[in-house]
>>> print(open('my_file_28.tsv').read())   # TSV, C-alpha atoms
chain	number	residue	atom	x	y	z
A	1	MET	CA	11.24	-1.06	14.54
A	2	GLY	CA	12.09	0.90	17.70
A	3	ARG	CA	10.23	0.96	20.98
A	4	ALA	CA	10.56	3.13	24.05
A	5	ILE	CA	8.71	3.67	27.29
A	6	TYR	CA	8.92	6.92	29.21
A	7	LYS	CA	7.30	7.68	32.56
A	8	VAL	CA	6.62	11.39	32.93
A	9	LYS	CA	7.64	12.65	36.36
A	10	GLY	CA	4.43	13.43	38.25
A	11	GLY	CA	2.54	12.35	35.14
A	12	LYS	CA	1.69	9.39	33.00
A	13	MET	CA	3.30	6.63	30.95
A	14	ILE	CA	4.10	7.08	27.25
A	15	LYS	CA	4.91	4.15	24.96
A	16	ILE	CA	6.21	4.67	21.43
A	17	GLN	CA	6.62	2.19	18.64
A	18	LEU	CA	8.12	3.54	15.44
A	19	ALA	CA	9.67	2.66	12.12
A	20	LEU	CA	12.22	4.90	10.40
A	21	GLU	CA	13.06	5.32	6.71
A	22	ASN	CA	16.02	7.48	5.66
A	23	LYS	CA	16.18	8.84	9.22
A	24	LYS	CA	12.61	10.06	9.02
A	25	ILE	CA	9.53	8.67	10.75
A	26	LYS	CA	7.78	6.24	8.45
A	27	ASP	CA	5.19	5.08	10.92
A	28	LEU	CA	4.57	5.44	14.64
A	29	ARG	CA	2.10	4.52	17.32
A	30	ILE	CA	1.72	6.47	20.55
A	31	THR	CA	0.10	4.57	23.42
A	32	GLY	CA	-0.07	5.15	27.15
A	33	ASP	CA	-2.24	6.09	30.10
A	34	PHE	CA	-2.25	9.87	29.54
A	35	PHE	CA	-5.33	11.95	28.66
A	36	LEU	CA	-5.97	13.82	25.43
A	37	HIS	CA	-9.21	15.66	24.63
A	38	PRO	CA	-10.65	15.10	22.08
A	39	GLU	CA	-9.27	11.57	22.03
A	40	GLU	CA	-9.07	11.09	18.23
A	41	THR	CA	-6.44	13.85	18.11
A	42	ILE	CA	-3.93	11.07	18.79
A	43	GLU	CA	-4.46	9.76	15.25
A	44	ASP	CA	-3.93	13.27	13.85
A	45	ILE	CA	-0.67	13.61	15.81
A	46	GLU	CA	0.56	10.24	14.55
A	47	LYS	CA	-0.29	11.19	10.96
A	48	ALA	CA	1.30	14.64	11.25
A	49	LEU	CA	4.56	13.15	12.55
A	50	ARG	CA	5.05	10.85	9.55
A	51	GLY	CA	7.95	12.11	7.48
A	52	CYS	CA	9.30	14.12	10.40
A	53	SER	CA	12.96	13.82	11.39
A	54	LEU	CA	14.04	12.99	14.93
A	55	SER	CA	14.68	16.59	15.90
A	56	LYS	CA	13.17	17.55	19.23
A	57	GLU	CA	12.28	21.07	18.03
A	58	GLU	CA	10.53	19.77	14.92
A	59	LEU	CA	8.62	17.06	16.81
A	60	VAL	CA	7.46	19.47	19.50
A	61	ARG	CA	6.44	22.08	16.92
A	62	ILE	CA	4.33	19.61	14.93
A	63	ILE	CA	2.68	18.15	18.04
A	64	LYS	CA	1.87	21.65	19.31
A	65	GLU	CA	0.49	22.71	15.91
A	66	THR	CA	-1.77	19.65	15.78
A	67	LEU	CA	-3.02	20.27	19.32
A	68	THR	CA	-3.76	23.92	18.51
A	69	SER	CA	-5.54	23.17	15.24
A	70	ARG	CA	-7.79	20.60	16.96
A	71	ARG	CA	-8.15	22.79	20.08
A	72	ALA	CA	-6.97	19.72	21.92
A	73	VAL	CA	-5.72	19.40	25.49
A	74	LEU	CA	-3.03	16.96	26.57
A	75	LEU	CA	-2.95	16.00	30.26
A	76	GLY	CA	-0.37	13.95	32.15
A	77	ALA	CA	2.30	14.42	29.47
A	78	SER	CA	3.60	17.40	27.47
A	79	PRO	CA	4.54	17.69	23.77
A	80	GLU	CA	8.17	17.71	24.98
A	81	ASP	CA	7.62	14.39	26.80
A	82	LEU	CA	6.13	12.81	23.68
A	83	ALA	CA	9.03	14.11	21.58
A	84	ARG	CA	11.56	12.79	24.06
A	85	CYS	CA	10.05	9.30	24.00
A	86	ILE	CA	9.84	9.35	20.17
A	87	ILE	CA	13.57	10.17	20.00
A	88	MET	CA	14.33	7.37	22.50
A	89	ALA	CA	12.43	4.92	20.28
A	90	GLY	CA	14.18	6.26	17.18
A	91	GLU	CA	17.59	5.68	18.72
A	92	LYS	CA	16.66	2.06	19.35
A	93	SER	CA	15.45	1.62	15.78
A	94	ASP	CA	17.81	0.13	13.21
B	1	MET	CA	-35.15	25.32	44.74
B	2	ILE	CA	-32.36	22.79	44.90
B	3	GLU	CA	-31.17	21.47	41.57
B	4	LYS	CA	-32.23	17.88	40.85
B	5	TRP	CA	-30.16	15.23	39.09
B	6	ARG	CA	-31.13	11.69	38.17
B	7	LEU	CA	-29.61	8.83	40.15
B	8	LEU	CA	-29.26	5.47	38.41
B	9	ASP	CA	-28.23	2.21	40.00
B	10	THR	CA	-27.87	-0.22	37.12
B	11	GLY	CA	-26.37	-3.03	39.19
B	12	LEU	CA	-24.37	-5.83	37.60
B	13	ASP	CA	-23.68	-5.94	33.84
B	14	ASP	CA	-20.97	-7.05	31.48
B	15	ALA	CA	-18.12	-4.75	30.44
B	16	PHE	CA	-19.43	-4.04	26.94
B	17	TYR	CA	-22.88	-3.00	28.09
B	18	ASN	CA	-21.43	-0.97	30.97
B	19	MET	CA	-19.24	1.08	28.63
B	20	ALA	CA	-22.01	1.32	26.02
B	21	LEU	CA	-24.46	2.62	28.60
B	22	ASP	CA	-22.10	5.39	29.75
B	23	GLU	CA	-21.88	6.51	26.12
B	24	ALA	CA	-25.63	6.16	25.52
B	25	ILE	CA	-26.46	8.31	28.55
B	26	SER	CA	-23.89	10.90	27.38
B	27	ILE	CA	-25.51	11.02	23.94
B	28	ALA	CA	-28.99	11.32	25.45
B	29	ARG	CA	-27.72	14.15	27.68
B	30	SER	CA	-26.15	15.94	24.71
B	31	LYS	CA	-29.49	15.78	22.86
B	32	GLY	CA	-31.24	17.25	25.87
B	33	ILE	CA	-33.37	14.14	26.36
B	34	ALA	CA	-31.73	13.05	29.61
B	35	PRO	CA	-31.02	15.05	32.76
B	36	ASN	CA	-27.66	15.39	34.48
B	37	THR	CA	-27.05	11.93	35.88
B	38	ILE	CA	-24.99	9.98	38.40
B	39	ARG	CA	-24.89	6.25	37.82
B	40	PHE	CA	-23.62	3.40	40.02
B	41	TYR	CA	-22.71	0.08	38.46
B	42	ARG	CA	-20.67	-3.09	38.86
B	43	TRP	CA	-19.11	-5.66	36.55
B	44	ARG	CA	-20.22	-9.27	36.09
B	45	PRO	CA	-18.28	-11.10	34.81
B	46	PRO	CA	-15.25	-9.27	36.18
B	47	ALA	CA	-13.41	-7.30	33.51
B	48	VAL	CA	-10.33	-5.34	32.60
B	49	SER	CA	-10.85	-1.94	31.03
B	50	ILE	CA	-8.05	-0.11	29.27
B	51	GLY	CA	-7.68	3.58	28.51
B	52	TYR	CA	-8.50	4.89	25.04
B	53	PHE	CA	-4.80	5.30	24.15
B	54	GLN	CA	-3.58	1.96	25.45
B	55	SER	CA	-2.78	-1.17	23.48
B	56	MET	CA	-4.94	-4.15	24.45
B	57	LYS	CA	-2.22	-6.64	23.54
B	58	GLU	CA	0.45	-4.79	25.49
B	59	GLU	CA	-1.59	-4.17	28.64
B	60	VAL	CA	-3.80	-7.23	29.02
B	61	ASP	CA	-2.99	-10.93	29.29
B	62	ILE	CA	-5.74	-12.02	26.89
B	63	GLU	CA	-5.08	-15.71	27.36
B	64	ALA	CA	-5.34	-15.46	31.16
B	65	CYS	CA	-8.56	-13.43	30.85
B	66	ASP	CA	-10.12	-15.97	28.50
B	67	LYS	CA	-9.18	-18.80	30.83
B	68	LEU	CA	-10.55	-17.01	33.90
B	69	GLY	CA	-13.73	-15.79	32.17
B	70	ILE	CA	-12.74	-12.15	32.53
B	71	ASP	CA	-13.90	-9.67	29.86
B	72	TYR	CA	-11.69	-6.96	28.39
B	73	VAL	CA	-12.86	-3.69	26.90
B	74	ARG	CA	-11.47	-0.38	25.68
B	75	ARG	CA	-12.92	2.72	27.34
B	76	ARG	CA	-13.75	5.94	25.53
B	77	THR	CA	-11.75	7.76	28.23
B	78	GLY	CA	-7.99	7.94	28.60
B	79	GLY	CA	-6.05	6.72	31.61
B	80	GLY	CA	-4.76	3.31	32.60
B	81	ALA	CA	-5.77	-0.32	32.68
B	82	VAL	CA	-8.11	-1.28	35.54
B	83	TYR	CA	-9.21	-4.67	36.82
B	84	HIS	CA	-12.90	-4.46	37.81
B	85	ASP	CA	-13.69	-7.17	40.33
B	86	THR	CA	-17.38	-8.00	40.81
B	87	GLU	CA	-17.16	-7.84	44.61
B	88	GLY	CA	-14.05	-5.68	44.94
B	89	GLU	CA	-15.18	-2.39	43.50
B	90	LEU	CA	-17.99	0.03	42.80
B	91	THR	CA	-17.98	2.08	39.61
B	92	TYR	CA	-19.77	5.40	39.14
B	93	SER	CA	-20.28	7.76	36.26
B	94	ILE	CA	-21.21	11.41	36.19
B	95	ILE	CA	-22.84	12.73	33.01
B	96	VAL	CA	-23.35	16.49	32.97
B	97	ASP	CA	-23.60	19.24	30.36
B	98	ASP	CA	-20.40	21.22	29.98
B	99	ALA	CA	-22.10	24.58	30.58
B	100	HIS	CA	-22.91	23.48	34.15
B	101	ARG	CA	-21.41	25.53	37.01
B	102	LEU	CA	-19.39	22.47	38.14
B	103	ILE	CA	-17.57	22.22	34.81
B	104	SER	CA	-14.52	24.37	34.10
B	105	ASN	CA	-12.60	24.70	30.84
B	106	ASP	CA	-9.64	23.55	32.90
B	107	ILE	CA	-9.81	19.75	32.86
B	108	GLN	CA	-7.56	19.34	35.90
B	109	GLU	CA	-9.80	21.69	37.85
B	110	THR	CA	-12.90	19.74	36.79
B	111	TYR	CA	-11.37	16.47	38.02
B	112	ARG	CA	-10.87	18.10	41.39
B	113	THR	CA	-14.44	19.44	41.52
B	114	LEU	CA	-16.14	16.20	40.43
B	115	CYS	CA	-13.88	14.07	42.65
B	116	SER	CA	-14.79	16.27	45.63
B	117	GLY	CA	-18.18	14.51	45.70
B	118	LEU	CA	-16.42	11.17	46.13
B	119	VAL	CA	-13.95	12.60	48.65
B	120	LEU	CA	-16.77	13.93	50.79
B	121	GLY	CA	-18.68	10.64	50.49
B	122	LEU	CA	-15.66	8.62	51.56
B	123	ARG	CA	-15.09	10.96	54.51
B	124	GLN	CA	-18.71	10.27	55.56
B	125	LEU	CA	-17.52	6.69	55.99
B	126	ASN	CA	-14.51	7.89	58.00
B	127	VAL	CA	-12.10	7.16	55.19
B	128	PRO	CA	-9.61	10.08	55.21
B	129	ALA	CA	-9.85	10.59	51.47
B	130	GLU	CA	-8.01	13.29	49.54
B	131	PHE	CA	-7.83	14.22	45.87
B	132	ARG	CA	-4.41	13.65	44.30
B	133	PRO	CA	-3.85	15.20	40.88
B	134	ILE	CA	-4.15	14.27	38.11
B	135	ASN	CA	-7.09	11.93	38.59
B	136	ASP	CA	-6.76	9.87	41.78
B	137	ILE	CA	-8.25	9.81	45.25
B	138	VAL	CA	-5.99	8.56	48.02
B	139	ALA	CA	-6.29	7.59	51.68
B	140	TYR	CA	-3.12	7.58	53.82
B	141	GLY	CA	-1.26	8.31	50.58
B	142	LYS	CA	-2.50	5.12	48.92
B	143	LYS	CA	-4.80	5.11	45.90
B	144	ILE	CA	-8.39	4.16	46.65
B	145	SER	CA	-10.12	5.54	43.54
B	146	GLY	CA	-9.13	6.20	39.91
B	147	ASN	CA	-11.13	8.46	37.62
B	148	ALA	CA	-11.25	9.35	33.92
B	149	GLN	CA	-13.02	12.02	31.94
B	150	THR	CA	-14.03	12.70	28.37
B	151	ARG	CA	-15.79	15.64	26.80
B	152	ARG	CA	-17.76	15.52	23.62
B	153	MET	CA	-20.93	17.00	22.19
B	154	ASN	CA	-20.98	19.58	25.02
B	155	THR	CA	-21.25	16.80	27.56
B	156	VAL	CA	-18.76	15.69	30.21
B	157	LEU	CA	-18.55	12.05	31.22
B	158	GLN	CA	-16.44	11.21	34.22
B	159	HIS	CA	-16.34	7.62	35.38
B	160	GLY	CA	-14.23	5.96	37.99
B	161	THR	CA	-13.88	3.18	40.49
B	162	ILE	CA	-13.87	3.01	44.26
B	163	LEU	CA	-11.99	0.04	45.66
B	164	ARG	CA	-13.89	-1.94	48.27
B	165	LYS	CA	-11.34	-4.71	48.56
B	166	VAL	CA	-8.18	-5.23	46.58
B	167	ASN	CA	-6.62	-8.37	45.15
B	168	PRO	CA	-3.20	-7.51	43.65
B	169	ALA	CA	-2.34	-11.13	42.83
B	170	LEU	CA	-5.40	-11.48	40.58
B	171	MET	CA	-4.77	-8.01	39.14
B	172	PHE	CA	-1.40	-9.12	37.85
B	173	ARG	CA	-2.73	-12.36	36.46
B	174	VAL	CA	-4.84	-10.37	34.02
B	175	LEU	CA	-2.55	-7.40	33.39
B	176	LYS	CA	0.63	-7.93	31.41
B	177	VAL	CA	3.87	-7.77	33.36
B	178	PRO	CA	7.23	-7.04	31.73
B	179	SER	CA	8.57	-10.41	32.94
B	180	GLU	CA	7.72	-13.19	35.37
B	181	LYS	CA	10.66	-12.10	37.50
B	182	VAL	CA	9.06	-8.76	38.34
B	183	ARG	CA	5.53	-10.10	38.94
B	184	ASP	CA	6.01	-10.55	42.70
B	185	LYS	CA	7.68	-7.17	42.94
B	186	LEU	CA	4.75	-5.52	41.18
B	187	ILE	CA	2.25	-7.29	43.43
B	188	LYS	CA	4.18	-6.04	46.43
B	189	SER	CA	4.33	-2.52	45.06
B	190	VAL	CA	0.55	-2.48	44.51
B	191	GLU	CA	0.10	-3.60	48.10
B	192	GLU	CA	2.14	-0.58	49.12
B	193	ARG	CA	0.50	1.93	46.78
B	194	VAL	CA	-3.15	0.86	46.68
B	195	THR	CA	-5.71	0.50	49.43
B	196	SER	CA	-9.44	-0.15	49.76
B	197	ILE	CA	-12.39	0.84	51.91
B	198	ASN	CA	-12.36	-2.48	53.77
B	199	ASP	CA	-8.60	-2.21	54.40
B	200	VAL	CA	-8.87	1.33	55.74
B	201	LEU	CA	-11.91	0.71	57.95
B	202	LYS	CA	-10.89	-2.84	58.92
B	203	ARG	CA	-14.44	-4.11	58.40
B	204	ASP	CA	-16.62	-5.33	55.57
B	205	VAL	CA	-18.43	-2.31	54.10
B	206	SER	CA	-21.47	-3.25	52.01
B	207	PHE	CA	-22.13	-1.78	48.57
B	208	ARG	CA	-25.33	-0.34	49.98
B	209	GLU	CA	-23.51	1.54	52.74
B	210	LEU	CA	-20.86	2.74	50.30
B	211	LYS	CA	-23.47	4.00	47.81
B	212	GLU	CA	-25.46	5.78	50.52
B	213	ALA	CA	-22.33	7.60	51.68
B	214	LEU	CA	-21.37	8.58	48.13
B	215	ILE	CA	-24.90	9.87	47.40
B	216	LYS	CA	-24.60	12.19	50.42
B	217	GLY	CA	-21.14	13.22	49.29
B	218	PHE	CA	-22.30	14.11	45.78
B	219	GLU	CA	-25.41	15.92	47.04
B	220	ASN	CA	-23.54	18.04	49.57
B	221	SER	CA	-20.51	18.74	47.43
B	222	PHE	CA	-22.42	19.53	44.21
B	223	LYS	CA	-25.35	21.25	46.01
B	224	ILE	CA	-27.83	19.00	44.22
B	225	ARG	CA	-30.54	16.51	45.12
B	226	LEU	CA	-30.24	13.03	43.59
B	227	VAL	CA	-33.58	11.49	42.61
B	228	LEU	CA	-33.61	7.77	41.92
B	229	GLY	CA	-34.77	7.19	38.35
B	230	GLY	CA	-34.58	4.74	35.47
B	231	LEU	CA	-33.20	4.56	31.96
B	232	THR	CA	-35.28	5.80	29.06
B	233	ASP	CA	-36.07	3.47	26.14
B	234	PHE	CA	-33.82	5.65	23.99
B	235	GLU	CA	-30.87	5.05	26.34
B	236	LYS	CA	-31.50	1.30	26.64
B	237	ASN	CA	-31.83	0.77	22.90
B	238	LEU	CA	-28.80	2.91	22.12
B	239	ALA	CA	-26.76	1.07	24.76
B	240	TYR	CA	-27.60	-2.32	23.23
B	241	ARG	CA	-26.67	-0.98	19.81
B	242	LEU	CA	-23.38	0.54	20.99
B	243	LYS	CA	-22.51	-2.70	22.77
B	244	ARG	CA	-23.14	-4.73	19.62
B	245	GLU	CA	-21.64	-2.32	17.09
B	246	LYS	CA	-18.75	-0.87	19.10
B	247	TYR	CA	-17.73	-2.10	22.53
B	248	ILE	CA	-17.85	-5.84	21.86
B	249	THR	CA	-16.04	-5.59	18.51
B	250	LYS	CA	-12.40	-6.49	17.87
B	251	GLU	CA	-12.03	-3.33	15.74
B	252	TRP	CA	-12.70	-1.17	18.79
B	253	ASN	CA	-10.99	-3.22	21.48
B	254	PHE	CA	-7.81	-3.91	19.50
B	255	LYS	CA	-7.64	-0.66	17.59
B	256	ARG	CA	-4.41	0.40	19.29
>>> encode(input="my_file_28.tsv", output="structure tokens")
Amino acid sequence: MGRAIYKVKGGKMIKIQLALENKKIKDLRITGDFFLHPEETIEDIEKALRGCSLSKEELVRIIKETLTSRRAVLLGASPEDLARCIIMAGEKSD
Amino acid sequence: MIEKWRLLDTGLDDAFYNMALDEAISIARSKGIAPNTIRFYRWRPPAVSIGYFQSMKEEVDIEACDKLGIDYVRRRTGGGAVYHDTEGELTYSIIVDDAHRLISNDIQETYRTLCSGLVLGLRQLNVPAEFRPINDIVAYGKKISGNAQTRRMNTVLQHGTILRKVNPALMFRVLKVPSEKVRDKLIKSVEERVTSINDVLKRDVSFRELKEALIKGFENSFKIRLVLGGLTDFEKNLAYRLKREKYITKEWNFKR
């Protein structure tokens, strides 16, 4: 299990907790004090990232695709910020 | 003819009812059976609310809250954890349909517009308030109000708090700190970053005076007239149901 906290400059706090399996995301939870409309999109992002490797490009692409398909808006953090914190948590995972 | 909105002053209630009522009014508005509304309310017992995306266990010291008789609830809006003191703060909510002239597709822009009512109200009191993106209002660079918005069913809900007096030591008894060693540091940092109406004006400002100033601020900034009204039976019944079936439940409060 890996955990990371990342404070976005001029933005909000992101906290990631994740479990890896064969270098891919098995499970993760994204928490923090950012805004995301509609709010349930967070569960869709978490689901979509399962099975994803810890590549920044892949993470950002999947987060962006999920946001677009739900017509969702993220405020106080960017897909890149989320991806960065996910990678930080992955590096701390054993 | 000036546009009329309903003004509600629901006084003191517990955290679960307070959050349930904001949702109930939003649902009533979305069904077209409630007008655009501004509501004032306070919290008794005191409570901690956390943002939709936060983890209750990670943000809140549950044991301390239970011991002190402080409630804890998850909001339907994002943002951070807030300690709502019964005497220390006033909470408001704005419930408005999303086709209204005040509402933009741009969420950041809408925060600025809706917060301008509070900014103007605080300036009426001689508090030099300014909006600070994303969702704060500051005076002398220190936070005096935090705000959070959600949009569903073509309705915007923005709620937020205005600090009347601040108690950082109590705040950090109920919010989790990374370690005991940093508790004092955090308390000190809140003292440096957060202020309140009483601190700024160096006198005791009553809730009544604060509400009267905010009403003028909203009316002038939004170009509306606020007419004091009451809740409908639909809103009351729905609020009780949402409290019982959602906001008081472990499933909701500990879902993340």
>>> interface_residues(input="my_file_28.tsv", of="chain B", to="chain A", cutoff="10 Å", atoms="all atoms listed in the file", output="number ranges by chain")
B: 50-55, 58-59, 76-81, 106-108, 133-135, 148-152, 256
>>> residues_around(input="my_file_28.tsv", residues="Leu28 of chain A", least_positions_apart="2", cutoff="10 Å", atoms="only C-alpha atoms", output="MDAnalysis selection string")
chainID A and resid 1:3 16:20 25:26 30:31 45:47 49:50 86 89:90
>>> residues_around(input="my_file_28.tsv", residues="Lys142 of chain B", least_positions_apart="6", cutoff="6 Å", atoms="all atoms listed in the file", output="list in words")
Arg193, Val194 and Thr195 of chain B
>>> residues_near_point(input="my_file_28.tsv", point="(-0.2, -10.3, 32.4)", cutoff="12 Å", atoms="all atoms listed in the file", output="number ranges by chain")
B: 48, 56-65, 81, 83, 168-180, 182-183, 186-187
>>> residues_near_point(input="my_file_28.tsv", point="(-23.6, 9.3, 28.0)", cutoff="12 Å", atoms="only C-alpha atoms", output="PyMOL selection string")
chain B and resi 18-39+76-77+93-97+149-159+231+234-236+238-239+242
>>> closest_atom_pairs(input="my_file_28.tsv", of="segment 29-113 of chain B", to="segment 211-217 of chain B", cutoff="10 Å", atoms="only C-alpha atoms", output="Markdown table")
| residue | atom | partner | partner_atom | distance |
| --- | --- | --- | --- | --- |
| B:Ile38 | CA | B:Ile215 | CA | 9.0 |
| B:Phe40 | CA | B:Lys211 | CA | 7.8 |
| B:Leu90 | CA | B:Lys211 | CA | 8.4 |
| B:Tyr92 | CA | B:Lys211 | CA | 9.5 |
>>> atom_distance(input="my_file_28.tsv", atom1="atom CA of Pro128 of chain B", atom2="atom CA of Arg203 of chain B")
15.3 Å
>>> closest_residue(input="my_file_28.tsv", among="B:Arg42, B:Arg244, B:Glu251, B:Arg112", to="Arg164 of chain B", atoms="all atoms listed in the file")
B:Arg42
>>> atom_distance(input="my_file_28.tsv", atom1="atom CA of Asn147 of chain B", atom2="atom CA of Val190 of chain B")
17.4 Å
>>> atom_distance(input="my_file_28.tsv", atom1="atom CA of Ile197 of chain B", atom2="atom CA of Thr161 of chain B")
11.8 Å
>>> closest_residue(input="my_file_28.tsv", among="B:Ala99, B:Val82, B:Ala47, B:Val200", to="Leu68 of chain B", atoms="only C-alpha atoms")
B:Ala47
>>> closest_residue(input="my_file_28.tsv", among="B:Ile2, B:Ala15, B:Val138, B:Leu226", to="Cys115 of chain B", atoms="only C-alpha atoms")
B:Val138
>>> residues_around(input="my_file_28.tsv", residues="Arg70 of chain A", least_positions_apart="4", cutoff="9 Å", atoms="only C-alpha atoms", output="number ranges by chain")
A: 38, 41, 44, 65-66
>>> residues_around(input="my_file_28.tsv", residues="Glu87 of chain B", least_positions_apart="3", cutoff="12 Å", atoms="all atoms listed in the file", output="list in words")
Gly11, Leu12, Tyr41, Arg42, Trp43, Arg44, Pro45, Pro46, Ala47, Tyr83, His84, Leu90, Thr91, Ile162, Leu163, Arg164, Lys165, Val166, Asn167, Asn198, Asp204, Val205, Ser206 and Phe207 of chain B
>>> build_atoms(input="my_file_28.tsv", residues="segment 66-78 of chain B", atoms="N, CA and C atoms", output="mmCIF file, in the coordinates of the input")
data_model
loop_
_atom_site.group_PDB
_atom_site.id
_atom_site.type_symbol
_atom_site.label_atom_id
_atom_site.label_comp_id
_atom_site.auth_asym_id
_atom_site.auth_seq_id
_atom_site.Cartn_x
_atom_site.Cartn_y
_atom_site.Cartn_z
ATOM 1 N N ASP B 66 -9.226 -14.979 29.117
ATOM 2 C CA ASP B 66 -10.120 -15.970 28.500
ATOM 3 C C ASP B 66 -10.272 -17.189 29.400
ATOM 4 N N LYS B 67 -9.155 -17.618 29.971
ATOM 5 C CA LYS B 67 -9.180 -18.800 30.830
ATOM 6 C C LYS B 67 -9.995 -18.553 32.096
ATOM 7 N N LEU B 68 -9.878 -17.331 32.629
ATOM 8 C CA LEU B 68 -10.550 -17.010 33.900
ATOM 9 C C LEU B 68 -11.981 -16.487 33.690
ATOM 10 N N GLY B 69 -12.384 -16.323 32.432
ATOM 11 C CA GLY B 69 -13.730 -15.790 32.170
ATOM 12 C C GLY B 69 -13.844 -14.310 32.496
ATOM 13 N N ILE B 70 -12.760 -13.587 32.252
ATOM 14 C CA ILE B 70 -12.740 -12.150 32.530
ATOM 15 C C ILE B 70 -12.803 -11.395 31.194
ATOM 16 N N ASP B 71 -13.740 -10.460 31.088
ATOM 17 C CA ASP B 71 -13.900 -9.670 29.860
ATOM 18 C C ASP B 71 -12.823 -8.601 29.763
ATOM 19 N N TYR B 72 -12.604 -8.091 28.563
ATOM 20 C CA TYR B 72 -11.690 -6.960 28.390
ATOM 21 C C TYR B 72 -12.303 -5.997 27.396
ATOM 22 N N VAL B 73 -12.198 -4.708 27.726
ATOM 23 C CA VAL B 73 -12.860 -3.690 26.900
ATOM 24 C C VAL B 73 -12.028 -2.412 26.895
ATOM 25 N N ARG B 74 -12.096 -1.702 25.767
ATOM 26 C CA ARG B 74 -11.470 -0.380 25.680
ATOM 27 C C ARG B 74 -12.485 0.675 26.116
ATOM 28 N N ARG B 75 -12.046 1.618 26.944
ATOM 29 C CA ARG B 75 -12.920 2.720 27.340
ATOM 30 C C ARG B 75 -12.864 3.845 26.317
ATOM 31 N N ARG B 76 -13.854 4.742 26.367
ATOM 32 C CA ARG B 76 -13.750 5.940 25.530
ATOM 33 C C ARG B 76 -12.991 7.043 26.246
ATOM 34 N N THR B 77 -12.543 6.801 27.472
ATOM 35 C CA THR B 77 -11.750 7.760 28.230
ATOM 36 C C THR B 77 -10.284 7.307 28.272
ATOM 37 N N GLY B 78 -9.399 8.269 28.451
ATOM 38 C CA GLY B 78 -7.990 7.940 28.600
ATOM 39 C C GLY B 78 -7.710 7.323 29.962
#
